[in-house]
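Report on one structure; see the data block that follows.
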Amino acid sequence: MIALTVNGETRRTAASTIAELVRELELDPAKVAVERNGVIAPRSELDSHAIAEGDTLEIVHFVGGGQGDDSWSVAGRTFKSRLIVGTGKYKDFEQNAAALEASGAEIVTVAVRRVNVSDPKAPMLTDYIDPKKVTYLPNTAGCFTSEDAIRTLRLAREAGGWDLVKLEVLGEARTLYPNMRETLTATETLAKEGFLPMVYCVDDPIAAKQLEDAGAVAVMPLGAPIGSGLGIQNRVTIRLIKEGANVPVLVDAGVGTASDAAVAMELGCDGVLMNTAIAEAKDPIRMARAMKRAVEAGRDAYLAGRMATRKYADPSSPLAGLI
């Protein structure tokens, strides 16, 4: 096995030629163009063009219109869906997996909990949601100190090798608001240890910037208290956080229904994370589909550029020439 960089991502392969690698990726060598270490490899030579440890390859093909797929990236990893969903509060793993499928999400947050040693054969989340197909984002739900959060994520990395993680350090059980002093401390430590923390925080532009400077790869301001379903309570500060950030900004917590998700995206956020809004809906699968569409619609509206607001009416039809 050798390690390569393919389209910006590290990949290990047993392939010895470019053509073998392209087929391993389930692509047709006749339909792509390949650049190896800055030099274009002629298509007629892909079968004989060797690859080696440390090579950098770019593989491209034609897409319609030049419009792009509007994907987003965090810590060098690219995703198409801007919706992240949680894995708690569902009635069972089957429902959780079905809701994930309906949502189209490519990232799921997962809590780190003790194994049930009295029943080691009990079903596990990984039996239903394959971490090879969906990006697991270990989180520190339930941690109230930086020490507990750091310890939890160290265990998560040992368990699954994950370095992209979601950090939250709570201040109290009643509001589940983040303790920003402890959160900042944990962010600094985790970044030094090679973690890539996406960080839950208050909707404060100054605090968000401090987290970014401390090593957060994304900031995740709350829209409202966790599990409240109140929607985004302060659009002004969310917008200010987005305007000042050099890392992705995702609304985390407080979304209750599809219109809340659309609002987050209309503010220019890179994505939305939610759990309760889907899991506690009367029909979680249908709500997951609604959230997928709401995130897409909100993003389209943001990119389209909304009309200006006015103090008075402005008729759509001209008044000149009336009969």
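Convention: chains lettered A, B, ... in structure tokens order; per-chain residue numbering from 1; ligands numbered from 1 as shown.
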
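Close contacts of range 215-230 of chain A, defined as residues with an atom at most 6 Å away when counting only C-alpha atoms, with chain neighbours fewer than 2 positions off set aside, comprise Ala75, Ala191, Leu196, Pro197, Met198, Val199, Tyr200, Cys201, Val202, Asp203, Leu211, Glu212, Asp213, Ile232, Gln233, Val247, Pro248, Val249, Leu250, Val251, Asp252, Ala253, Gly254, Val255, Gly256 and Thr276 of chain A.
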
Among range 21-181 of chain A, which ones does DSSP assign to strand (DSSP E) (computed from the backbone)? Answer as a PyMOL selection string. chain A and resi 33-36+39-41+56-60+72-74+77-79+83-85+107-111+135-139+164-167

Using only N, CA and C atoms, please write the residues we just selected to a file, as a CSV table (one decimal), in the first residue's frame.
chain,number,residue,atom,x,y,z
A,33,ALA,N,-9.5,13.2,-17.0
A,33,ALA,CA,-8.1,13.7,-17.2
A,33,ALA,C,-7.4,13.7,-15.9
A,34,VAL,N,-6.1,13.3,-16.0
A,34,VAL,CA,-5.3,13.2,-14.8
A,34,VAL,C,-4.0,14.0,-14.8
A,35,GLU,N,-3.7,14.7,-13.7
A,35,GLU,CA,-2.5,15.4,-13.6
A,35,GLU,C,-1.7,14.8,-12.4
A,36,ARG,N,-0.5,14.4,-12.7
A,36,ARG,CA,0.4,13.7,-11.6
A,36,ARG,C,1.6,14.7,-11.3
A,39,VAL,N,2.1,17.5,-13.7
A,39,VAL,CA,2.3,17.1,-15.2
A,39,VAL,C,1.1,16.3,-15.6
A,40,ILE,N,0.5,16.7,-16.7
A,40,ILE,CA,-0.7,16.0,-17.3
A,40,ILE,C,-0.2,14.6,-17.8
A,41,ALA,N,-0.9,13.6,-17.4
A,41,ALA,CA,-0.6,12.2,-17.9
A,41,ALA,C,-1.5,12.0,-19.1
A,56,THR,N,1.0,13.4,-5.9
A,56,THR,CA,-0.2,14.3,-5.8
A,56,THR,C,-0.9,14.2,-7.2
A,57,LEU,N,-2.1,13.8,-7.2
A,57,LEU,CA,-2.9,13.6,-8.4
A,57,LEU,C,-4.1,14.5,-8.4
A,58,GLU,N,-4.5,15.1,-9.5
A,58,GLU,CA,-5.7,15.7,-9.7
A,58,GLU,C,-6.5,15.0,-10.8
A,59,ILE,N,-7.7,14.6,-10.5
A,59,ILE,CA,-8.5,13.8,-11.5
A,59,ILE,C,-9.8,14.7,-11.7
A,60,VAL,N,-10.0,15.0,-13.0
A,60,VAL,CA,-11.1,15.9,-13.3
A,60,VAL,C,-12.0,15.3,-14.4
A,72,TRP,N,-19.1,22.5,0.5
A,72,TRP,CA,-18.4,23.3,1.5
A,72,TRP,C,-17.3,22.4,2.1
A,73,SER,N,-16.3,23.0,2.7
A,73,SER,CA,-15.2,22.3,3.3
A,73,SER,C,-14.9,22.7,4.7
A,74,VAL,N,-14.5,21.8,5.5
A,74,VAL,CA,-14.0,22.1,6.8
A,74,VAL,C,-12.8,21.2,7.1
A,77,ARG,N,-11.7,18.9,4.3
A,77,ARG,CA,-12.7,17.8,3.9
A,77,ARG,C,-13.9,18.4,3.3
A,78,THR,N,-14.3,17.9,2.2
A,78,THR,CA,-15.4,18.5,1.4
A,78,THR,C,-16.7,17.7,1.5
A,79,PHE,N,-17.8,18.4,1.7
A,79,PHE,CA,-19.1,17.8,1.8
A,79,PHE,C,-20.1,18.5,0.9
A,83,LEU,N,-26.3,20.0,5.9
A,83,LEU,CA,-27.0,19.6,7.0
A,83,LEU,C,-26.3,18.5,7.8
A,84,ILE,N,-26.1,18.7,9.1
A,84,ILE,CA,-25.5,17.7,10.0
A,84,ILE,C,-26.5,17.3,11.0
A,85,VAL,N,-26.6,16.0,11.2
A,85,VAL,CA,-27.7,15.5,12.1
A,85,VAL,C,-27.1,14.7,13.3
A,107,ILE,N,-22.6,13.9,7.5
A,107,ILE,CA,-21.9,13.9,8.8
A,107,ILE,C,-23.0,13.7,9.9
A,108,VAL,N,-22.6,12.8,10.9
A,108,VAL,CA,-23.5,12.6,12.1
A,108,VAL,C,-22.7,12.8,13.3
A,109,THR,N,-23.3,13.5,14.3
A,109,THR,CA,-22.6,13.6,15.6
A,109,THR,C,-22.9,12.4,16.4
A,110,VAL,N,-21.9,11.9,17.1
A,110,VAL,CA,-22.1,10.7,17.9
A,110,VAL,C,-21.5,11.0,19.3
A,111,ALA,N,-22.2,10.5,20.4
A,111,ALA,CA,-21.7,10.7,21.7
A,111,ALA,C,-20.8,9.5,22.1
A,135,THR,N,-19.5,10.4,7.7
A,135,THR,CA,-18.5,10.9,8.6
A,135,THR,C,-19.0,11.0,10.0
A,136,TYR,N,-18.4,10.3,10.9
A,136,TYR,CA,-18.7,10.4,12.3
A,136,TYR,C,-18.0,11.6,12.9
A,137,LEU,N,-18.8,12.4,13.7
A,137,LEU,CA,-18.3,13.5,14.4
A,137,LEU,C,-18.4,13.3,15.9
A,138,PRO,N,-17.5,12.7,16.5
A,138,PRO,CA,-17.6,12.5,18.0
A,138,PRO,C,-17.8,13.8,18.7
A,139,ASN,N,-18.7,13.9,19.7
A,139,ASN,CA,-18.9,15.1,20.4
A,139,ASN,C,-18.8,14.9,21.9
A,164,LEU,N,-11.4,14.9,13.5
A,164,LEU,CA,-12.4,16.0,13.3
A,164,LEU,C,-13.5,15.7,14.3
A,165,VAL,N,-13.7,16.6,15.3
A,165,VAL,CA,-14.5,16.4,16.4
A,165,VAL,C,-15.4,17.6,16.7
A,166,LYS,N,-16.5,17.4,17.5
A,166,LYS,CA,-17.3,18.5,17.9
A,166,LYS,C,-17.1,18.7,19.4
A,167,LEU,N,-16.7,19.9,19.8
A,167,LEU,CA,-16.4,20.2,21.2
A,167,LEU,C,-17.6,21.0,21.7

Set the distance at 9 Å and use only C-alpha atoms: which residues neighbour Ala288 in chain A once local chain neighbours fewer than 2 positions away are removed? I'd like the list as a short mmCIF file (atom, residue, chain, number, x, y, z; two decimals) with N, CA, C and O atoms, in the first residue's frame.
data_model
loop_
_atom_site.label_atom_id
_atom_site.label_comp_id
_atom_site.auth_asym_id
_atom_site.auth_seq_id
_atom_site.Cartn_x
_atom_site.Cartn_y
_atom_site.Cartn_z
N ALA A 99 -33.84 8.10 9.13
CA ALA A 99 -33.89 9.56 9.14
C ALA A 99 -32.62 10.15 8.52
O ALA A 99 -32.68 11.13 7.77
N LEU A 100 -31.49 9.54 8.82
CA LEU A 100 -30.23 9.99 8.22
C LEU A 100 -30.29 9.89 6.70
O LEU A 100 -29.93 10.81 5.98
N GLU A 101 -30.79 8.77 6.22
CA GLU A 101 -30.90 8.57 4.78
C GLU A 101 -31.80 9.62 4.14
O GLU A 101 -31.48 10.19 3.09
N ALA A 102 -32.92 9.91 4.79
CA ALA A 102 -33.87 10.89 4.26
C ALA A 102 -33.30 12.30 4.28
O ALA A 102 -33.63 13.13 3.42
N SER A 103 -32.44 12.59 5.25
CA SER A 103 -31.88 13.94 5.39
C SER A 103 -30.80 14.24 4.36
O SER A 103 -30.52 15.40 4.08
N GLY A 104 -30.17 13.19 3.85
CA GLY A 104 -29.07 13.39 2.92
C GLY A 104 -27.79 13.85 3.58
O GLY A 104 -26.80 14.16 2.91
N ALA A 277 -35.03 18.37 16.59
CA ALA A 277 -36.06 18.79 15.64
C ALA A 277 -36.51 17.65 14.75
O ALA A 277 -37.68 17.58 14.34
N ILE A 278 -35.61 16.74 14.44
CA ILE A 278 -35.96 15.58 13.63
C ILE A 278 -36.41 14.43 14.52
O ILE A 278 -37.47 13.82 14.30
N ALA A 279 -35.62 14.10 15.52
CA ALA A 279 -35.88 12.91 16.34
C ALA A 279 -37.20 12.98 17.10
O ALA A 279 -37.84 11.95 17.33
N ASP A 283 -43.27 12.55 12.83
CA ASP A 283 -42.81 11.69 11.74
C ASP A 283 -41.36 12.09 11.44
O ASP A 283 -41.10 12.96 10.60
N PRO A 284 -40.39 11.49 12.13
CA PRO A 284 -38.99 11.89 11.96
C PRO A 284 -38.48 11.77 10.52
O PRO A 284 -37.69 12.61 10.08
N ILE A 285 -38.92 10.76 9.80
CA ILE A 285 -38.42 10.57 8.44
C ILE A 285 -38.88 11.70 7.53
O ILE A 285 -38.11 12.27 6.76
N ARG A 286 -40.16 12.04 7.66
CA ARG A 286 -40.69 13.13 6.85
C ARG A 286 -40.04 14.46 7.23
O ARG A 286 -39.74 15.29 6.36
N ALA A 290 -37.88 17.22 5.06
CA ALA A 290 -38.21 18.65 5.06
C ALA A 290 -36.98 19.49 5.40
O ALA A 290 -36.75 20.55 4.79
N MET A 291 -36.18 19.03 6.35
CA MET A 291 -34.98 19.76 6.73
C MET A 291 -33.97 19.80 5.59
O MET A 291 -33.31 20.82 5.36
N LYS A 292 -33.85 18.71 4.88
CA LYS A 292 -32.95 18.67 3.72
C LYS A 292 -33.35 19.75 2.72
O LYS A 292 -32.50 20.53 2.24
N ARG A 293 -34.64 19.80 2.39
CA ARG A 293 -35.12 20.78 1.41
C ARG A 293 -35.00 22.21 1.94
O ARG A 293 -34.69 23.14 1.18
#

Spatial neighbours of Glu45 in chain A, 12 Å, only C-alpha atoms, chain gap at least 3 places, as a PyMOL selection string: chain A and resi 17-20+29-30+33-34+40-42+48-50

Selected residues, N, CA, C and O atoms, written as a tab-separated table (two decimals), in the first residue's frame, please.
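Saved the output as out.tsv:
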chain	number	residue	atom	x	y	z
A	17	THR	N	-0.56	1.78	-11.12
A	17	THR	CA	-0.62	2.71	-12.23
A	17	THR	C	-1.81	3.65	-12.05
A	17	THR	O	-2.72	3.38	-11.24
A	18	ILE	N	-1.80	4.73	-12.82
A	18	ILE	CA	-2.90	5.69	-12.74
A	18	ILE	C	-4.21	5.02	-13.13
A	18	ILE	O	-5.25	5.21	-12.50
A	19	ALA	N	-4.19	4.21	-14.18
A	19	ALA	CA	-5.41	3.55	-14.65
A	19	ALA	C	-5.99	2.66	-13.56
A	19	ALA	O	-7.21	2.63	-13.34
A	20	GLU	N	-5.13	1.91	-12.86
A	20	GLU	CA	-5.61	1.04	-11.78
A	20	GLU	C	-6.26	1.87	-10.68
A	20	GLU	O	-7.30	1.49	-10.12
A	29	PRO	N	-11.36	5.40	-17.00
A	29	PRO	CA	-10.18	6.15	-17.46
A	29	PRO	C	-10.41	6.91	-18.75
A	29	PRO	O	-9.75	7.92	-19.00
A	30	ALA	N	-11.35	6.45	-19.58
A	30	ALA	CA	-11.61	7.12	-20.85
A	30	ALA	C	-12.41	8.41	-20.68
A	30	ALA	O	-12.55	9.17	-21.63
A	33	ALA	N	-9.47	13.21	-16.96
A	33	ALA	CA	-8.12	13.69	-17.24
A	33	ALA	C	-7.36	13.68	-15.92
A	33	ALA	O	-7.94	13.99	-14.87
A	34	VAL	N	-6.08	13.32	-15.98
A	34	VAL	CA	-5.30	13.17	-14.75
A	34	VAL	C	-4.01	13.97	-14.84
A	34	VAL	O	-3.29	13.94	-15.85
A	40	ILE	N	0.46	16.71	-16.74
A	40	ILE	CA	-0.69	15.97	-17.25
A	40	ILE	C	-0.22	14.64	-17.83
A	40	ILE	O	0.73	14.57	-18.60
A	41	ALA	N	-0.93	13.58	-17.41
A	41	ALA	CA	-0.62	12.24	-17.92
A	41	ALA	C	-1.50	11.97	-19.14
A	41	ALA	O	-2.73	12.00	-19.03
A	42	PRO	N	-0.93	11.71	-20.31
A	42	PRO	CA	-1.74	11.43	-21.51
A	42	PRO	C	-2.68	10.25	-21.27
A	42	PRO	O	-2.28	9.24	-20.68
A	48	SER	N	0.07	2.51	-18.33
A	48	SER	CA	1.50	2.27	-18.10
A	48	SER	C	2.15	3.33	-17.22
A	48	SER	O	3.32	3.23	-16.87
A	49	HIS	N	1.39	4.37	-16.86
A	49	HIS	CA	1.92	5.48	-16.08
A	49	HIS	C	1.94	5.09	-14.60
A	49	HIS	O	0.91	5.00	-13.95
A	50	ALA	N	3.13	4.83	-14.05
A	50	ALA	CA	3.25	4.36	-12.66
A	50	ALA	C	3.00	5.49	-11.67
A	50	ALA	O	3.20	6.67	-11.96

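CA of Lys311 in chain A to CA of Glu266 in chain A spans 21.2 Å [interatomic distance, one decimal].
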
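Closest approach to Arg235 in chain A from the set A:Thr13, A:Ile150, A:Thr175, A:Leu267 is made by A:Leu267, with distances taken over only C-alpha atoms.
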
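Considering only C-alpha atoms, the residue among A:Ala98, A:Tyr90, A:Met124, A:Gly142 positioned nearest to Leu176 in chain A is A:Gly142.
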
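Here CA of Val6 in chain A and CA of Thr187 in chain A stand 29.5 Å from one another.
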
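Minimum atom-to-atom distance to Met287 in chain A, evaluated using only C-alpha atoms, belongs to A:Thr257 out of A:Arg181, A:Asn275, A:Met307, A:Thr257.
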
Nearest to Thr87 in chain A, chosen from A:Ala294, A:Leu273, A:Ile241, A:Ala258, with only C-alpha atoms counted in the distances: A:Leu273

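Interatomic distance, CA of Asp55 in chain A to CA of Trp162 in chain A: 24.1 Å.
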
Enumerate, as number ranges by chain, the complete set of residues in range 184-274 of chain A that a backbone-based DSSP assignment places in alpha helix (DSSP H). A: 184-192, 205-214, 235-244, 258-266

Go ahead and dump the residues you just picked, N, CA, C and O atoms, as a compact mmCIF listing (two decimals), in the first residue's frame.
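Written out: part_13.txt:
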# COMPACT_ATOMS: atom_id res chain seq x y z
N LEU A 184 -12.82 27.51 25.56
CA LEU A 184 -11.60 28.07 24.96
C LEU A 184 -10.37 27.29 25.40
O LEU A 184 -9.49 26.98 24.58
N THR A 185 -10.32 26.93 26.67
CA THR A 185 -9.20 26.14 27.18
C THR A 185 -9.11 24.79 26.47
O THR A 185 -8.03 24.36 26.05
N ALA A 186 -10.26 24.13 26.34
CA ALA A 186 -10.28 22.83 25.68
C ALA A 186 -9.90 22.95 24.21
O ALA A 186 -9.18 22.09 23.67
N THR A 187 -10.35 24.00 23.54
CA THR A 187 -10.02 24.20 22.13
C THR A 187 -8.52 24.32 21.94
O THR A 187 -7.93 23.70 21.03
N GLU A 188 -7.87 25.11 22.77
CA GLU A 188 -6.42 25.31 22.67
C GLU A 188 -5.67 23.99 22.85
O GLU A 188 -4.76 23.66 22.09
N THR A 189 -6.08 23.22 23.87
CA THR A 189 -5.41 21.94 24.15
C THR A 189 -5.60 20.95 23.02
O THR A 189 -4.66 20.29 22.56
N LEU A 190 -6.83 20.83 22.55
CA LEU A 190 -7.14 19.87 21.49
C LEU A 190 -6.40 20.22 20.19
O LEU A 190 -5.88 19.33 19.51
N ALA A 191 -6.35 21.49 19.86
CA ALA A 191 -5.65 21.91 18.65
C ALA A 191 -4.16 21.56 18.73
O ALA A 191 -3.57 21.11 17.75
N LYS A 192 -3.57 21.74 19.90
CA LYS A 192 -2.16 21.41 20.08
C LYS A 192 -1.91 19.91 19.96
O LYS A 192 -0.82 19.49 19.59
N PRO A 205 -19.87 37.37 18.51
CA PRO A 205 -18.81 37.48 17.50
C PRO A 205 -17.40 37.50 18.09
O PRO A 205 -16.47 36.97 17.48
N ILE A 206 -17.24 38.09 19.27
CA ILE A 206 -15.92 38.16 19.89
C ILE A 206 -15.48 36.78 20.34
O ILE A 206 -14.35 36.35 20.10
N ALA A 207 -16.38 36.05 21.01
CA ALA A 207 -16.06 34.70 21.47
C ALA A 207 -15.76 33.79 20.29
O ALA A 207 -14.84 32.96 20.34
N ALA A 208 -16.52 33.93 19.21
CA ALA A 208 -16.31 33.09 18.03
C ALA A 208 -14.93 33.33 17.44
O ALA A 208 -14.23 32.38 17.04
N LYS A 209 -14.51 34.58 17.40
CA LYS A 209 -13.19 34.91 16.86
C LYS A 209 -12.09 34.36 17.76
O LYS A 209 -11.05 33.88 17.28
N GLN A 210 -12.28 34.42 19.07
CA GLN A 210 -11.29 33.87 20.00
C GLN A 210 -11.12 32.36 19.79
O GLN A 210 -10.01 31.83 19.83
N LEU A 211 -12.23 31.68 19.55
CA LEU A 211 -12.16 30.24 19.30
C LEU A 211 -11.41 29.94 18.01
O LEU A 211 -10.60 29.01 17.94
N GLU A 212 -11.68 30.73 16.97
CA GLU A 212 -10.97 30.54 15.71
C GLU A 212 -9.47 30.72 15.90
O GLU A 212 -8.66 29.93 15.42
N ASP A 213 -9.09 31.76 16.65
CA ASP A 213 -7.67 32.03 16.90
C ASP A 213 -7.04 30.92 17.74
O ASP A 213 -5.83 30.67 17.64
N ALA A 214 -7.85 30.23 18.55
CA ALA A 214 -7.35 29.16 19.41
C ALA A 214 -7.20 27.84 18.67
O ALA A 214 -6.64 26.89 19.22
N ARG A 235 -30.63 36.91 15.03
CA ARG A 235 -30.09 36.85 13.67
C ARG A 235 -28.93 37.81 13.47
O ARG A 235 -28.02 37.55 12.69
N VAL A 236 -28.95 38.92 14.19
CA VAL A 236 -27.91 39.94 14.02
C VAL A 236 -26.53 39.38 14.39
O VAL A 236 -25.57 39.51 13.63
N THR A 237 -26.42 38.74 15.55
CA THR A 237 -25.11 38.25 15.97
C THR A 237 -24.64 37.05 15.14
O THR A 237 -23.45 36.90 14.88
N ILE A 238 -25.58 36.22 14.71
CA ILE A 238 -25.19 35.11 13.83
C ILE A 238 -24.60 35.67 12.54
O ILE A 238 -23.56 35.19 12.05
N ARG A 239 -25.23 36.68 12.00
CA ARG A 239 -24.72 37.29 10.76
C ARG A 239 -23.35 37.92 11.00
O ARG A 239 -22.44 37.80 10.17
N LEU A 240 -23.16 38.59 12.13
CA LEU A 240 -21.87 39.21 12.45
C LEU A 240 -20.77 38.16 12.61
O LEU A 240 -19.64 38.37 12.20
N ILE A 241 -21.12 37.03 13.23
CA ILE A 241 -20.14 35.95 13.36
C ILE A 241 -19.71 35.46 11.99
O ILE A 241 -18.52 35.28 11.73
N LYS A 242 -20.68 35.27 11.10
CA LYS A 242 -20.36 34.81 9.75
C LYS A 242 -19.50 35.82 9.01
O LYS A 242 -18.53 35.44 8.32
N GLU A 243 -19.82 37.08 9.13
CA GLU A 243 -19.06 38.12 8.42
C GLU A 243 -17.61 38.19 8.89
O GLU A 243 -16.71 38.51 8.11
N GLY A 244 -17.37 37.88 10.17
CA GLY A 244 -16.03 38.01 10.71
C GLY A 244 -15.20 36.75 10.71
O GLY A 244 -14.02 36.77 11.06
N ALA A 258 -38.54 23.40 9.77
CA ALA A 258 -37.82 23.66 8.52
C ALA A 258 -37.54 25.14 8.29
O ALA A 258 -36.47 25.50 7.79
N SER A 259 -38.46 26.01 8.66
CA SER A 259 -38.25 27.44 8.43
C SER A 259 -37.05 27.96 9.23
O SER A 259 -36.35 28.87 8.79
N ASP A 260 -36.78 27.38 10.40
CA ASP A 260 -35.62 27.79 11.19
C ASP A 260 -34.32 27.45 10.45
O ASP A 260 -33.37 28.23 10.45
N ALA A 261 -34.29 26.26 9.85
CA ALA A 261 -33.11 25.86 9.09
C ALA A 261 -32.90 26.77 7.89
O ALA A 261 -31.77 27.15 7.57
N ALA A 262 -33.99 27.14 7.23
CA ALA A 262 -33.89 28.03 6.07
C ALA A 262 -33.35 29.39 6.48
O ALA A 262 -32.51 29.98 5.78
N VAL A 263 -33.79 29.90 7.62
CA VAL A 263 -33.31 31.19 8.11
C VAL A 263 -31.81 31.15 8.33
O VAL A 263 -31.07 32.07 7.96
N ALA A 264 -31.32 30.07 8.96
CA ALA A 264 -29.89 29.95 9.21
C ALA A 264 -29.10 30.03 7.92
O ALA A 264 -28.06 30.70 7.83
N MET A 265 -29.59 29.38 6.88
CA MET A 265 -28.89 29.38 5.61
C MET A 265 -29.02 30.72 4.90
O MET A 265 -28.09 31.17 4.22
N GLU A 266 -30.16 31.38 5.06
CA GLU A 266 -30.35 32.70 4.44
C GLU A 266 -29.41 33.73 5.05
O GLU A 266 -29.09 34.74 4.41

Rank nothing, just name the residue among A:Asp204, A:Asp270, A:Glu172, A:Glu9 nearest to Leu303 in chain A, using only C-alpha atoms. A:Asp270

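Proximity ranking of A:Glu94, A:Glu296, A:Glu280, A:Glu53 relative to Ile2 in chain A places A:Glu53 first, based on only C-alpha atoms.
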